[in-house]
Each structure stands twice: as structure tokens, then as C-alpha cells.
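Student: First, the structure itself, so that you have it in front of you.
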Amino acid sequence: MFAARALFNKLPIPSSITPAVSNAQTIFVGTVVSDAMQKTVRVAVPRRRLIKKLRSYVWGAKTFVAHDEFELCRPGDTVQVRACRPLSKTKKWIVEEILKQAEQFDASRKVDLPTKIAEAQSILASRAEQLAALKQVAHPA
């Protein structure tokens, strides 16, 4: 197993991003094509379509815009995405896990995953503390 996958799986998914349907979730595996947007990646999922008249298959790819909360994905990574509630006009998917990291050729784009995950966990902890304080102010015991 890859160390990045094990570390990424330990991160909790924020409660603000919940799946649209809890019973039957659509899950795809694809390759990250672009990470130019903040907290958003474009994932290409390979598809094949049957042409009945020719009795042959045509291969292609469908791109999905997916939410990457902690910006861990880089182009070339193989990721698993699942359907969630619409987060924007085109963003209706969330990156569930990184299955395989791509080779890093550009030194400026290299990500130190343990540091990035520690930062994400501290952000989540501070959000939880803020939420607890707000609840206590709104509903004193």
C-alpha cells in the first residue's frame, strides 16, 4: 500500500459535504487531468461504448469536476471519486481517495503529504472547536 493512500484515508470527510444518496453511490476511478482551480480537480474517467451496428467498442474518456478539500491531488494521480450533492454548477463529485500517486517531475509542484495532512487535521480541529463554541453560545446549558 502506498503511504499517501493510508494517510489520506485517515482524514475525515467534512460533514458539510454529504453524499446525495446514501444507499446507491456512484463511484468512478480515473486520472487527474488538471488541478488549476482551488480545491477542485478535473478527473478523466475512461469509458467504452458499444456501436451495435459495427459490433465493436469505441474507447473515450469523460471528464468530471471533483472537489479536493485539502488539495492533495496532482495531475497524473489515479483517484477514486464519488457522487455528492452539487457543490457548484459543474462540481458534483468528491475525491474519496488517492489510489496511486503520479511520478513528480516538477520539483516546484512536489507535495509533502505528511505536512499537508497535518495542516488539514489542524484546520479540521479548529473548525470543530469553533463549532462547539458557537453551539455553546447559541444553546447554553
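By order of appearance in the C-alpha cells: chains A, B, ..., then residues from 1 within every chain, and ligands from 1 in the order shown.
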Would you mind listing what lies within 9 Å of Val65 (chain A) as a count of residues only, with only C-alpha atoms counted and same-chain residues fewer than 2 positions away left out?
Tutor: 12
Student: Quick check, in Å to one decimal: how far apart do CA of Gln130 (chain A) and CA of Cys73 (chain A) lie?
Tutor: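 So the answer is 27.5 Å.
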Student: What is the CA of Glu119 (chain A) to CA of Leu131 (chain A) distance in Å?
Tutor: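 Separation between CA of Glu119 (chain A) and CA of Leu131 (chain A): 18.5 Å.
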Student: Which residues come within 10 Å of region 46-59 of chain A, counting only C-alpha atoms, excluding same-chain residues fewer than 5 positions away, as a ChimeraX atom specification?
Tutor: /A:28-31
Student: Got time to write the residues from that selection, all heavy atoms, as a CSV table (one decimal), in the first residue's frame?
Tutor:
chain,number,residue,atom,x,y,z
A,28,PHE,N,-16.4,6.2,-9.4
A,28,PHE,CA,-15.6,6.0,-10.6
A,28,PHE,C,-14.1,6.1,-10.2
A,28,PHE,O,-13.7,6.8,-9.2
A,28,PHE,CB,-15.8,7.1,-11.6
A,28,PHE,CG,-17.2,7.0,-12.3
A,28,PHE,CD1,-18.1,8.0,-12.2
A,28,PHE,CD2,-17.6,5.8,-12.9
A,28,PHE,CE1,-19.3,8.0,-12.8
A,28,PHE,CE2,-18.9,5.7,-13.5
A,28,PHE,CZ,-19.7,6.8,-13.4
A,29,VAL,N,-13.2,5.5,-11.0
A,29,VAL,CA,-11.8,5.6,-10.8
A,29,VAL,C,-11.3,6.2,-12.1
A,29,VAL,O,-11.6,5.8,-13.2
A,29,VAL,CB,-11.1,4.2,-10.6
A,29,VAL,CG1,-9.6,4.3,-10.6
A,29,VAL,CG2,-11.6,3.6,-9.3
A,30,GLY,N,-10.5,7.3,-11.9
A,30,GLY,CA,-9.9,8.0,-13.1
A,30,GLY,C,-8.6,8.6,-12.8
A,30,GLY,O,-8.0,8.5,-11.7
A,31,THR,N,-8.1,9.4,-13.7
A,31,THR,CA,-6.8,10.1,-13.6
A,31,THR,C,-7.0,11.6,-13.6
A,31,THR,O,-7.8,12.1,-14.3
A,31,THR,CB,-5.9,9.7,-14.9
A,31,THR,OG1,-5.9,8.3,-15.0
A,31,THR,CG2,-4.5,10.3,-14.7
Student: Between CA of Phe70 (chain A) and CA of Thr26 (chain A), what is the distance in Å, rounded to a tenth?
Tutor: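 About the pair CA of Phe70 (chain A) and CA of Thr26 (chain A): they are 21.8 Å apart.
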Student: Between A:Lys135, A:Arg127, A:Lys116, A:Lys100, which has the minimum distance to Gln80 (chain A) (counting only C-alpha atoms)?
Tutor: A:Lys100
Student: So, counting only C-alpha atoms, which residue among A:Ala102, A:Gly60, A:Arg85, A:Leu113 is closest to Leu72 (chain A)?
Tutor: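 Going through A:Ala102, A:Gly60, A:Arg85, A:Leu113 one by one, the smallest distance to Leu72 (chain A) is for A:Leu113.
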